[in-house]
Structure formats: structure tokens, C-alpha cells
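What follows is the content of final00.cif (mmCIF, C-alpha atoms).
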```cif
data_final
#
loop_
_atom_site.label_atom_id
_atom_site.label_comp_id
_atom_site.auth_asym_id
_atom_site.auth_seq_id
_atom_site.Cartn_x
_atom_site.Cartn_y
_atom_site.Cartn_z
CA MET A 1 60.01 18.96 56.87
CA LYS A 2 59.19 22.14 58.73
CA GLU A 3 60.94 25.23 57.46
CA PRO A 4 64.17 25.93 59.31
CA LYS A 5 64.61 29.27 61.02
CA ILE A 6 67.76 31.12 60.11
CA VAL A 7 68.10 34.05 62.49
CA PHE A 8 70.77 36.74 62.46
CA ILE A 9 70.79 38.80 65.65
CA LEU A 10 72.29 42.26 65.44
CA GLY A 11 72.51 44.91 68.09
CA ASN A 12 74.84 47.11 70.01
CA SER A 13 76.99 45.64 72.75
CA GLY A 14 74.69 45.79 75.71
CA SER A 15 71.53 45.36 73.63
CA GLY A 16 70.92 41.93 75.15
CA LYS A 17 71.44 40.00 71.94
CA GLY A 18 73.52 37.33 73.67
CA THR A 19 70.75 36.75 76.20
CA GLN A 20 68.11 36.53 73.46
CA ALA A 21 70.26 34.19 71.39
CA LYS A 22 70.53 31.89 74.38
CA LEU A 23 66.74 31.90 74.87
CA LEU A 24 66.12 31.08 71.21
CA GLN A 25 68.59 28.27 71.46
CA GLU A 26 66.96 26.81 74.58
CA ARG A 27 63.32 27.28 73.66
CA LEU A 28 63.26 26.70 69.91
CA GLY A 29 66.11 24.20 69.76
CA LEU A 30 68.08 26.30 67.30
CA ASP A 31 71.82 25.81 66.90
CA TYR A 32 73.96 28.69 68.07
CA ILE A 33 76.79 30.16 65.99
CA GLY A 34 78.97 32.79 67.60
CA SER A 35 82.33 33.78 66.21
CA GLY A 36 83.97 33.82 69.64
CA ASP A 37 82.94 30.24 70.49
CA MET A 38 83.95 28.96 67.09
CA LEU A 39 87.35 30.59 67.18
CA ARG A 40 87.96 29.31 70.70
CA ALA A 41 87.19 25.78 69.46
CA ARG A 42 89.28 26.22 66.32
CA LYS A 43 92.35 27.36 68.21
CA LYS A 44 92.62 23.97 69.91
CA LEU A 45 93.66 22.30 66.64
CA ASN A 46 97.39 22.02 66.34
CA ASP A 47 97.93 23.44 62.88
CA PHE A 48 99.01 26.82 61.54
CA THR A 49 95.62 28.47 62.03
CA GLY A 50 95.18 26.94 65.48
CA ARG A 51 98.55 28.26 66.63
CA LYS A 52 97.99 31.68 65.08
CA LEU A 53 94.58 31.99 66.73
CA ARG A 54 96.07 31.04 70.11
CA GLU A 55 98.68 33.79 69.81
CA SER A 56 96.22 36.43 68.59
CA MET A 57 93.51 35.61 71.12
CA ASP A 58 95.95 35.98 74.00
CA LYS A 59 96.41 39.57 72.91
CA ASP A 60 92.91 40.49 71.77
CA THR A 61 89.89 38.76 73.30
CA THR A 62 87.36 40.53 71.07
CA THR A 63 88.34 38.24 68.15
CA ARG A 64 88.03 41.15 65.77
CA PHE A 65 91.46 40.37 64.37
CA ALA A 66 90.09 37.27 62.64
CA PRO A 67 89.57 37.98 58.94
CA THR A 68 86.23 37.24 57.32
CA ALA A 69 87.81 34.54 55.18
CA ILE A 70 88.76 32.47 58.23
CA VAL A 71 85.48 32.96 60.07
CA PHE A 72 83.61 32.21 56.85
CA LYS A 73 85.37 28.85 56.60
CA LEU A 74 84.25 28.00 60.14
CA TRP A 75 80.64 28.97 59.38
CA VAL A 76 80.58 26.82 56.28
CA ASP A 77 81.92 23.78 58.11
CA ARG A 78 79.21 24.15 60.75
CA TRP A 79 76.50 24.48 58.12
CA GLU A 80 77.73 21.41 56.33
CA ALA A 81 77.28 19.44 59.57
CA MET A 82 73.83 20.99 60.21
CA LYS A 83 72.71 20.07 56.73
CA GLU A 84 73.22 16.40 57.67
CA LYS A 85 71.36 16.66 60.99
CA PRO A 86 67.98 14.90 60.85
CA GLU A 87 66.41 17.11 63.55
CA PHE A 88 67.69 20.43 62.27
CA LYS A 89 65.49 23.35 63.29
CA GLY A 90 67.61 26.27 62.26
CA PHE A 91 70.39 28.37 63.69
CA ILE A 92 71.11 31.73 65.24
CA LEU A 93 74.06 33.74 64.02
CA ASP A 94 75.06 35.98 66.90
CA ALA A 95 76.51 39.42 66.12
CA SER A 96 77.26 38.76 62.45
CA PRO A 97 77.46 40.04 59.78
CA ARG A 98 79.33 43.20 60.69
CA LYS A 99 80.15 44.38 57.18
CA ILE A 100 78.35 44.61 53.86
CA ARG A 101 80.92 42.29 52.38
CA GLU A 102 80.11 39.69 55.02
CA ALA A 103 76.39 40.14 54.38
CA GLU A 104 76.88 39.51 50.66
CA LEU A 105 79.03 36.51 51.37
CA LEU A 106 76.42 35.10 53.74
CA ASP A 107 73.75 35.53 51.08
CA GLU A 108 75.83 33.61 48.58
CA MET A 109 76.60 30.80 50.98
CA LEU A 110 73.05 30.50 52.30
CA GLU A 111 71.87 30.28 48.73
CA TRP A 112 74.27 27.38 48.25
CA PHE A 113 72.80 25.63 51.32
CA GLU A 114 69.28 26.51 50.10
CA TRP A 115 68.40 28.45 53.24
CA LYS A 116 68.38 31.98 51.90
CA GLN A 117 64.60 32.30 51.88
CA TYR A 118 64.40 31.46 55.61
CA VAL A 119 66.62 34.29 56.80
CA HIS A 120 65.23 36.67 59.45
CA VAL A 121 67.37 39.52 60.64
CA ILE A 122 66.54 40.87 64.08
CA PHE A 123 67.95 44.19 65.13
CA ILE A 124 67.64 44.77 68.85
CA ASN A 125 67.56 48.48 69.25
CA VAL A 126 68.68 50.26 72.43
CA SER A 127 69.71 53.88 72.72
CA ARG A 128 73.35 54.71 73.03
CA GLU A 129 72.83 56.00 76.57
CA GLU A 130 71.13 52.78 77.65
CA ALA A 131 73.85 50.64 76.05
CA PHE A 132 76.56 52.65 77.77
CA HIS A 133 74.79 52.36 81.11
CA ARG A 134 74.38 48.58 80.79
CA LEU A 135 77.97 48.00 79.69
CA THR A 136 79.48 49.81 82.64
CA LYS A 137 77.48 47.55 84.97
CA ARG A 138 77.74 44.11 83.38
CA ARG A 139 80.22 41.43 84.39
CA VAL A 140 81.83 38.41 82.81
CA CYS A 141 82.72 34.95 84.15
CA GLN A 142 86.45 34.54 84.45
CA ASP A 143 86.28 30.88 83.46
CA CYS A 144 83.58 30.27 80.86
CA LYS A 145 83.49 33.85 79.53
CA ARG A 146 79.71 34.02 79.89
CA ILE A 147 78.49 37.60 80.07
CA ILE A 148 76.30 38.36 83.09
CA PRO A 149 74.03 41.29 82.30
CA ASP A 150 73.03 43.75 84.97
CA THR A 151 69.39 42.67 85.01
CA GLY A 152 66.93 40.94 87.39
CA GLU A 153 68.30 38.45 89.86
CA LEU A 154 71.63 38.21 88.04
CA LYS A 155 72.53 41.58 89.57
CA SER A 156 73.13 40.00 92.97
CA HIS A 157 75.12 36.95 91.81
CA VAL A 158 78.77 36.78 92.87
CA THR A 159 79.59 33.62 90.90
CA CYS A 160 78.65 32.44 87.41
CA ASP A 161 75.20 30.82 87.21
CA THR A 162 76.49 28.36 84.61
CA CYS A 163 79.90 27.18 85.82
CA GLY A 164 80.37 28.79 89.25
CA GLY A 165 83.39 30.83 88.12
CA ARG A 166 84.27 34.22 89.55
CA LEU A 167 82.56 37.28 88.01
CA ILE A 168 84.74 40.20 86.99
CA THR A 169 84.39 43.40 84.99
CA ARG A 170 85.62 42.86 81.44
CA ASP A 171 88.93 44.59 80.66
CA ASP A 172 87.33 46.40 77.76
CA ASP A 173 84.22 47.53 79.66
CA ILE A 174 85.78 50.84 80.64
CA PRO A 175 84.16 54.08 79.40
CA GLU A 176 86.71 54.87 76.73
CA MET A 177 86.64 51.43 75.17
CA ILE A 178 82.88 51.22 75.46
CA ASN A 179 82.58 54.43 73.49
CA ASN A 180 84.97 53.09 70.86
CA ARG A 181 82.88 49.96 70.50
CA LEU A 182 79.64 51.89 70.21
CA ASP A 183 81.23 54.15 67.57
CA SER A 184 82.50 51.29 65.50
CA PHE A 185 79.12 49.57 65.71
CA GLU A 186 77.39 52.63 64.30
CA GLU A 187 79.95 52.94 61.55
CA GLU A 188 80.14 49.30 60.54
CA VAL A 189 76.82 47.70 61.24
CA MET A 190 74.40 50.47 60.30
CA PRO A 191 75.06 49.92 56.56
CA VAL A 192 74.41 46.20 57.10
CA ILE A 193 71.09 47.00 58.73
CA ALA A 194 70.17 49.18 55.77
CA TYR A 195 71.13 46.30 53.44
CA TYR A 196 68.62 43.98 55.10
CA GLU A 197 65.98 46.66 55.39
CA LYS A 198 66.13 47.19 51.63
CA SER A 199 65.54 43.50 50.97
CA ASN A 200 62.68 43.40 53.52
CA ARG A 201 64.33 40.93 55.83
CA LEU A 202 64.85 43.17 58.86
CA THR A 203 62.74 43.44 61.99
CA ARG A 204 63.55 46.10 64.55
CA VAL A 205 62.82 45.08 68.11
CA ASN A 206 62.75 47.50 71.01
CA GLY A 207 65.49 46.31 73.36
CA GLU A 208 64.54 48.62 76.21
CA GLN A 209 61.95 46.24 77.61
CA SER A 210 62.19 43.25 79.94
CA ILE A 211 63.97 40.14 78.64
CA GLU A 212 60.66 38.28 78.22
CA ASP A 213 59.02 41.14 76.32
CA VAL A 214 61.97 41.43 73.94
CA TYR A 215 61.77 37.67 73.43
CA LYS A 216 58.04 37.86 72.65
CA ASP A 217 58.66 40.52 70.02
CA ILE A 218 61.33 38.36 68.41
CA ILE A 219 59.03 35.32 68.30
CA LYS A 220 56.34 37.46 66.69
CA ALA A 221 58.82 38.52 64.02
CA LEU A 222 59.77 34.90 63.30
CA MET B 1 113.40 29.96 50.67
CA GLU B 2 110.60 32.33 49.77
CA PRO B 3 107.53 30.58 48.40
CA LYS B 4 105.97 31.74 45.14
CA ILE B 5 102.25 32.39 45.34
CA ILE B 6 100.89 32.83 41.84
CA ILE B 7 97.46 33.57 40.47
CA LEU B 8 97.23 33.07 36.72
CA LEU B 9 94.52 34.96 34.90
CA GLY B 10 93.71 34.96 31.22
CA ILE B 11 90.94 34.43 28.73
CA SER B 12 90.22 30.89 27.55
CA GLY B 13 92.72 30.12 24.85
CA SER B 14 95.39 32.35 26.40
CA GLY B 15 97.45 29.30 27.30
CA LYS B 16 97.28 29.75 31.05
CA GLY B 17 96.74 26.03 31.61
CA THR B 18 99.89 25.26 29.62
CA GLN B 19 101.86 27.91 31.51
CA ALA B 20 100.58 26.69 34.88
CA LYS B 21 101.78 23.21 34.00
CA LEU B 22 105.23 24.51 33.04
CA LEU B 23 105.57 26.41 36.32
CA VAL B 24 104.60 23.33 38.28
CA GLU B 25 107.12 21.15 36.41
CA LYS B 26 110.03 23.57 36.38
CA LEU B 27 109.69 25.27 39.77
CA GLY B 28 108.16 22.40 41.74
CA LEU B 29 105.07 24.40 42.67
CA ASP B 30 101.75 22.89 43.70
CA TYR B 31 98.95 23.21 41.18
CA ILE B 32 95.55 24.39 42.41
CA GLY B 33 92.98 24.13 39.65
CA THR B 34 89.23 24.13 39.70
CA GLY B 35 87.96 21.15 37.75
CA ASP B 36 90.09 18.56 39.49
CA LEU B 37 89.31 20.01 42.93
CA LEU B 38 85.59 19.88 42.29
CA ARG B 39 85.84 16.32 41.06
CA ARG B 40 87.61 15.40 44.30
CA ARG B 41 85.19 17.40 46.48
CA ARG B 42 82.19 15.58 45.01
CA GLU B 43 83.56 12.29 46.35
CA ILE B 44 82.82 13.47 49.91
CA ASP B 45 79.35 12.29 50.82
CA ASP B 46 77.81 15.42 52.32
CA PHE B 47 75.38 18.07 51.10
CA THR B 48 78.05 20.00 49.21
CA GLY B 49 79.58 16.89 47.69
CA ARG B 50 76.21 15.73 46.36
CA LYS B 51 75.29 19.19 45.11
CA ILE B 52 78.60 19.63 43.28
CA GLY B 53 78.04 16.23 41.68
CA LYS B 54 74.64 17.28 40.37
CA ILE B 55 75.92 20.61 39.05
CA LEU B 56 78.91 19.03 37.30
CA ASP B 57 76.72 16.37 35.72
CA SER B 58 74.39 19.03 34.36
CA GLY B 59 77.33 20.95 32.86
CA LYS B 60 76.68 24.10 34.89
CA PHE B 61 79.08 26.29 36.89
CA VAL B 62 79.70 25.79 40.58
CA PRO B 63 79.40 29.20 42.35
CA ASP B 64 82.80 30.76 42.96
CA VAL B 65 82.51 31.38 46.66
CA SER B 66 82.20 27.64 47.22
CA MET B 67 85.69 27.28 45.79
CA VAL B 68 87.27 29.55 48.39
CA ARG B 69 86.55 27.11 51.22
CA VAL B 70 88.13 24.29 49.25
CA TRP B 71 91.22 26.44 48.68
CA ILE B 72 91.44 27.40 52.35
CA ASP B 73 91.59 23.71 53.25
CA ILE B 74 94.40 23.22 50.76
CA TRP B 75 96.32 26.29 51.96
CA GLU B 76 96.10 25.13 55.55
CA LYS B 77 97.69 21.84 54.51
CA LEU B 78 100.39 23.56 52.45
CA LYS B 79 101.17 25.90 55.35
CA ASN B 80 101.76 22.92 57.62
CA ARG B 81 103.91 21.08 55.09
CA GLU B 82 107.67 21.23 55.50
CA LEU B 83 108.70 21.26 51.87
CA PHE B 84 106.67 23.96 50.18
CA LYS B 85 107.78 26.00 47.21
CA GLY B 86 104.56 27.78 46.42
CA PHE B 87 101.50 27.23 44.28
CA VAL B 88 99.82 28.28 41.06
CA LEU B 89 96.12 29.06 41.28
CA ASP B 90 94.80 28.46 37.79
CA GLY B 91 91.98 30.56 36.43
CA ALA B 92 90.49 32.19 39.48
CA PRO B 93 89.06 34.38 41.02
CA ARG B 94 86.12 35.42 38.92
CA LYS B 95 84.43 37.83 41.24
CA LEU B 96 85.50 40.76 43.40
CA LEU B 97 84.09 39.20 46.53
CA GLU B 98 86.20 36.16 45.87
CA ALA B 99 89.33 38.19 45.15
CA GLN B 100 88.91 40.00 48.46
CA LEU B 101 88.50 36.73 50.35
CA ILE B 102 91.63 35.39 48.72
CA ASP B 103 93.54 38.53 49.72
CA GLN B 104 92.46 38.10 53.32
CA ALA B 105 93.28 34.42 53.40
CA LEU B 106 96.73 34.98 51.86
CA ALA B 107 97.41 37.66 54.47
CA TRP B 108 96.30 35.24 57.19
CA TYR B 109 98.74 32.62 55.90
CA GLU B 110 101.43 35.33 55.73
CA TRP B 111 102.04 34.97 52.03
CA GLU B 112 100.97 38.40 50.83
CA GLU B 113 104.50 39.58 50.11
CA TYR B 114 105.14 36.60 47.82
CA PHE B 115 101.97 37.13 45.88
CA HIS B 116 102.06 37.57 42.09
CA VAL B 117 99.07 38.03 39.84
CA LEU B 118 99.89 37.37 36.21
CA CYS B 119 97.51 38.04 33.39
CA ILE B 120 98.31 36.39 30.10
CA ASP B 121 97.03 38.82 27.50
CA ILE B 122 95.83 37.88 24.07
CA SER B 123 93.32 39.77 21.95
CA GLU B 124 89.73 38.55 21.72
CA GLU B 125 90.28 37.85 18.01
CA GLU B 126 93.27 35.65 18.78
CA ALA B 127 91.32 33.87 21.54
CA THR B 128 88.46 33.17 19.14
CA LEU B 129 90.82 31.89 16.48
CA ARG B 130 92.60 29.58 18.93
CA LEU B 131 89.44 28.22 20.51
CA LEU B 132 87.76 27.51 17.18
CA ASN B 133 90.80 25.68 15.87
CA ARG B 134 92.22 23.87 18.86
CA ARG B 135 91.90 20.09 18.93
CA MET B 136 91.60 17.30 21.42
CA CYS B 137 93.07 13.81 21.35
CA VAL B 138 90.36 11.14 21.10
CA GLY B 139 92.58 8.75 23.05
CA CYS B 140 94.06 10.61 26.03
CA LYS B 141 91.83 13.74 25.90
CA LYS B 142 94.84 16.04 25.81
CA ILE B 143 94.08 19.48 24.40
CA ILE B 144 96.30 20.47 21.47
CA PRO B 145 96.41 24.27 21.34
CA TYR B 146 96.27 26.18 18.07
CA VAL B 147 99.66 27.82 18.48
CA GLY B 148 103.11 27.48 16.84
CA GLU B 149 104.13 24.01 15.73
CA TYR B 150 101.04 22.39 17.31
CA LYS B 151 98.99 23.78 14.44
CA ASN B 152 100.57 21.22 12.09
CA LEU B 153 100.45 18.23 14.41
CA GLY B 154 98.80 15.22 12.67
CA LYS B 155 98.48 12.91 15.68
CA CYS B 156 98.61 13.36 19.47
CA ASP B 157 102.21 14.00 20.52
CA THR B 158 101.66 12.10 23.76
CA CYS B 159 99.75 8.96 22.79
CA GLY B 160 99.52 9.05 18.99
CA GLY B 161 95.70 9.27 19.09
CA GLU B 162 93.53 10.96 16.50
CA LEU B 163 92.93 14.72 16.92
CA VAL B 164 89.42 16.20 16.64
CA LYS B 165 87.65 19.48 17.43
CA ARG B 166 85.89 19.59 20.79
CA PRO B 167 82.10 19.53 20.38
CA ASP B 168 81.70 22.48 22.79
CA ASP B 169 84.08 24.73 20.85
CA THR B 170 81.30 26.04 18.58
CA PRO B 171 81.28 29.73 17.50
CA ASP B 172 78.34 30.47 19.84
CA ALA B 173 79.92 28.78 22.84
CA VAL B 174 83.26 30.48 22.22
CA ALA B 175 81.59 33.89 21.91
CA SER B 176 79.72 33.40 25.16
CA ARG B 177 82.87 32.27 27.01
CA ILE B 178 84.65 35.41 25.84
CA ALA B 179 81.71 37.62 26.84
CA GLU B 180 81.64 36.02 30.26
CA TYR B 181 85.34 36.71 30.69
CA ARG B 182 84.85 40.36 29.77
CA GLU B 183 81.98 40.72 32.18
CA ARG B 184 83.32 38.82 35.17
CA VAL B 185 87.09 38.57 35.06
CA VAL B 186 88.00 41.97 33.67
CA PRO B 187 86.76 43.74 36.86
CA VAL B 188 88.97 41.41 38.90
CA ILE B 189 91.96 42.30 36.71
CA THR B 190 91.23 46.00 37.26
CA TYR B 191 91.07 45.34 41.01
CA TYR B 192 94.54 43.77 41.03
CA GLU B 193 95.87 46.47 38.74
CA LYS B 194 94.74 49.13 41.22
CA SER B 195 96.45 47.35 44.09
CA ASN B 196 99.65 47.21 42.00
CA CYS B 197 100.20 43.49 42.08
CA LEU B 198 99.33 42.69 38.48
CA VAL B 199 101.85 41.94 35.77
CA ARG B 200 100.65 41.61 32.19
CA ILE B 201 102.35 39.01 30.03
CA ASN B 202 102.12 39.07 26.26
CA GLY B 203 100.47 35.76 25.39
CA GLU B 204 100.82 36.12 21.64
CA GLN B 205 104.27 34.57 21.54
CA GLY B 206 105.65 31.03 21.53
CA ILE B 207 105.06 28.93 24.65
CA GLU B 208 108.72 29.14 25.76
CA ASP B 209 108.79 32.92 25.31
CA VAL B 210 105.65 33.36 27.40
CA HIS B 211 107.22 31.14 30.05
CA ALA B 212 110.45 33.19 29.98
CA ASP B 213 108.46 36.41 30.50
CA ILE B 214 106.63 34.83 33.44
CA ILE B 215 109.91 33.77 35.07
CA LYS B 216 111.21 37.31 34.61
CA ALA B 217 108.07 38.73 36.22
CA LEU B 218 108.48 36.44 39.23
CA GLY B 219 111.91 37.94 39.84
#
```

Target encoding C-alpha cells, full file:
Amino acid sequence: MKEPKIVFILGNSGSGKGTQAKLLQERLGLDYIGSGDMLRARKKLNDFTGRKLRESMDKDTTTRFAPTAIVFKLWVDRWEAMKEKPEFKGFILDASPRKIREAELLDEMLEWFEWKQYVHVIFINVSREEAFHRLTKRRVCQDCKRIIPDTGELKSHVTCDTCGGRLITRDDDIPEMINNRLDSFEEEVMPVIAYYEKSNRLTRVNGEQSIEDVYKDIIKAL
Amino acid sequence: MEPKIIILLGISGSGKGTQAKLLVEKLGLDYIGTGDLLRRRREIDDFTGRKIGKILDSGKFVPDVSMVRVWIDIWEKLKNRELFKGFVLDGAPRKLLEAQLIDQALAWYEWEEYFHVLCIDISEEEATLRLLNRRMCVGCKKIIPYVGEYKNLGKCDTCGGELVKRPDDTPDAVASRIAEYRERVVPVITYYEKSNCLVRINGEQGIEDVHADIIKALG
């Protein structure tokens, strides 16, 4: 069997990591794991955790309230299913890990699933100014929550290119909250990036290029 | 009624298995062990089930973090059950990472205020003495501890079977189990001590006295 590709994509909000994750999913056939999607699926179950997620997500759409332990359980269940898939090509973990503790936990679990040696960590680097600029311009689909970046032809769209829903500015894409998010990224994720750099698993990709050029750099790294 | 959420820590030979059993019987708590859970998990035919099977058959340890997911499944079920008095987690966690995950999960299930960590203390000398002298019933496999009146037992008090030493209770194996405890569990005990939720119980007393101290500690 060909070696699976296990890709963690890290980057500031506005770095384009969601867009790149989607491309990797479409073009390489990798499975996509994003905490937001998983929690939205999990909250449909009618048990304690499902109900608690429904209540919390009504208040806080960023899903940051969800403790590592709960997200970790969702990851593991997905990996268990992937391990049984005959055509498994790998997966992309979007925007995780955010903390050293999560990175250590991921290492332990990927070792269990015998994937640890296939891990590539991609850090899409954009300057703080560029990230801020992009975030004030981007929009989100009211229905499917897809984020529409302020790039290329998407700039002129008035409805979602995936589901046709209405495009709005995200509640938390206002300058003050953007700055908070960028601050917490620097505080939380920079140590994680150093962790992967030390173990030689990190590739920095310049995110201030066109979508296709960023993609090419990622493919080179893989 | 408030549930009791109990983690029992202690070196092998401290009697934590015996105490866990007493708590389950007398307070109607659920017992969450390790060995029995792994044996059940291996019955599921997936990657993890097969891998646990192989590890158990080779006599090695299953990594701790893999246990947390099994516990989370159990806690979810307990949380949705109407009649729930609490549980005893026997002999875990054995790593800081695991202890932190457990803290988070207990907070998620809104049990943190009912959380007790009890460490049954005995000296390393006493642990060595007990482990080298404890016996097992050939018939029903029950472990007969080397404490109090059990020391003089001639036959199994449950099934009448013959009592023998366990082949893996050799001086070398006992020493390495104690060393592993010192290296891996002691940091976890320090962690709970710092967060003020640890109660130490003197384990060098009779079984009923240890139990009485535990009940006192639970309030």
C-alpha cells in the first residue's frame, strides 16, 4: 500500500488554510478533519454531550469551548473508521493542534494508529497586517457556514458557491475580535510550531501568494 | 443525590483492588477497571480491537491514552443513565497527560465538584513483602492478599481451591513494578496533591479500617 499522507495545516485565521485544506481534499482524495464540522455532527446525537454541545454552540460558534478531551474522542473515532477504509489515502487535520498538550496527545494517538512517521505539518505564513486585511473583507455563508475568502472571482459572489445561501460578514470578523484572535494564535500556536520544527516535521509555506502557488508549495513539501 | 467520583491510586499490593470492590458493593458505585475493559474492547473487530488483542496476548502494556477514549464512552453512558451513584476508577491515570484529559472530561460531564482522588499509602518494603507472599487460588483465580487473617488461610475462602504463589510475583518482577510506580504514578500523585484534591489513606491497617478511613474521606 502507498504511504498515507497525514497533514496538519496550521496558520492564522485568514492565512487561507481552509481553502488549501479543501484543495488537498479534492485533488489528493484525503479525508478532511475539522473540529467545527465534527462538533456540528456530534451535537445531533441525543445524549448528554450532544445536548451540551447544542447549548454551547448556540452561544459560541468558534467551538473553542470544547475541551481537548472531547475533541480527541471525536478524532479517534474518525481514525478508527479510516483505518478500516480500503482506499485510505490520508487525512488533513485543519487548524489543530492548538496547544502543546494537544500536539503530544496527537503524537501518542498517531503512534497507536501507526501513522506517526507520515505526519507533515504545514504552516501557512502570512503577516499580521495581511491576515487582518483579509479577515475584514471575507464573508461566510449563512446556511452552510462555508467561508468565502476575498480573493479572485469569489469577491463578486453574492450567494454561496456551494449551497446558494446568503453571504454575510461573520459576527466575530470585527476589528477588535480579529485582533483578539490574532493575539491568541500567536500565544497558543507559536509554541506548537516550535514543537514541530524541533522534530523536523514542519514546513513553512509563504501564504502571501496566489492560491495555486501556495498549493504548489504544499505539494512540494509533501 | 450527589454522585461520588473516585480515583483510587496506590502501589501494587496496597489493596486498592480490594477497596474498590468494597466501595462498589457497599455504596452501589460502578467499577471502572482496566483489565476487564481491555478484554471487552478487544472483542470489537476493528484496528484497535485487534491491536489490543495482540498486546494483551504478548503480556505487554496498552498505552494509557488509549484507555481515556474507552472511559469517555463509559462516562457518556453513565451520564445518560437515570440511576447513577458514581464510579470508582481503579488504578489510573499513570501519566500527567492522561490525568489532565481526565480532569477535562470530568469537568465536561459536570462532575468535578464530586471528584475524590484517594491514594492508599503503604511503604515500598510493605508492598514488596505483600507481593512476594500473596497467593492465588488455583481453582477460581482469586488473589489472596498477604494481610491480616488471610496470611493464615489454608484453602481459598471462596471455592476451597488450593492456594499457590503467582508465577509473575518473582523478586525481579516485583522490584520492577515498584520502580515503575515510582517513576510514573508518583508524578501524578504530586499533580493531584498540588490541585488539592488528594487524600492519603494509611494502607497499613486492616481491610475494614482502610475502608472506614476511605468512607470518612468521602464525607

Check: If we count only C-alpha atoms, what is near region 9-17 of chain B at a cut-off of 9 Å, once residues fewer than 6 positions away on the same chain are taken out, given as number ranges by chain?
Finding: B: 89-93, 117-124, 126-131, 134, 145-146, 174, 177-178, 181-182, 185, 189, 203-204, 207

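With all atoms listed in the file as the basis for measurement, A:Ala103 is the residue among A:Leu30, A:Val214, A:Ile147, A:Ala103 that approaches chain B most closely.
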
Item checked: Selection near region 96-107 of chain B, 9 Å with all atoms listed in the file, sequence-local residues under 4 positions removed, as a PyMOL selection string -> (chain A and resi 67-70+101+104-105) or (chain B and resi 5+64-65+67-68+71-72+75+92+111-113+115+184-185+187-188+191-192)

Next item on the list: Determine the residue set returned by the PyMOL selection byres ((chain B and resi 79-87) around 10) for the present structure, and present it as a ChimeraX atom specification.
Entry: /A:46-49 /B:1-7,20,23-24,27-32,74-78,88-90,109-111,114-115

Checklist line | Residues selected by the PyMOL selection byres ((chain A) within 12 of (chain B)), written as a PyMOL selection string | finding: chain A and resi 45-53+56+65-77+79-85+100-114

Next item on the list: Considering all atoms listed in the file, return as a ChimeraX atom specification whatever protein or nucleic-acid residues lie within 10 Å of Cys140 (chain B), sequence-local ones (same chain, fewer than 2 positions apart) excluded.
Entry: /B:136-138,142-143,156,158-162

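The space between CA of Lys44 (chain A) and CA of Asp58 (chain A) spans 13.1 Å.
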
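Residues matched by the PyMOL selection byres ((chain A and resi 145) around 10) in this file: Gly36, Asp37, Arg139, Val140, Cys141, Gln142, Asp143, Cys144, Arg146, Ile147, Ile148, Cys160, Cys163, Gly165, Leu167, Ile168 and Arg170 of chain A.
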
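We find CA of Ile214 (chain B) and CA of Leu8 (chain B) to be spaced 10.1 Å apart.
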
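Among the candidates A:Leu39, A:Leu202, A:Ala95, A:Leu135, the one nearest to Asp172 (chain A) when counting only C-alpha atoms is A:Leu135.
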
Once 5 Å is added on each side, what are the centre and the three edge lengths, in Å to one decimal, of the axis-aligned box enclosing the listed atoms of region 153-159 of chain A? Present them as AutoDock Vina command-line options.
```
--center_x 73.9 --center_y 37.6 --center_z 90.5 --size_x 21.3 --size_y 18.0 --size_z 14.9
```
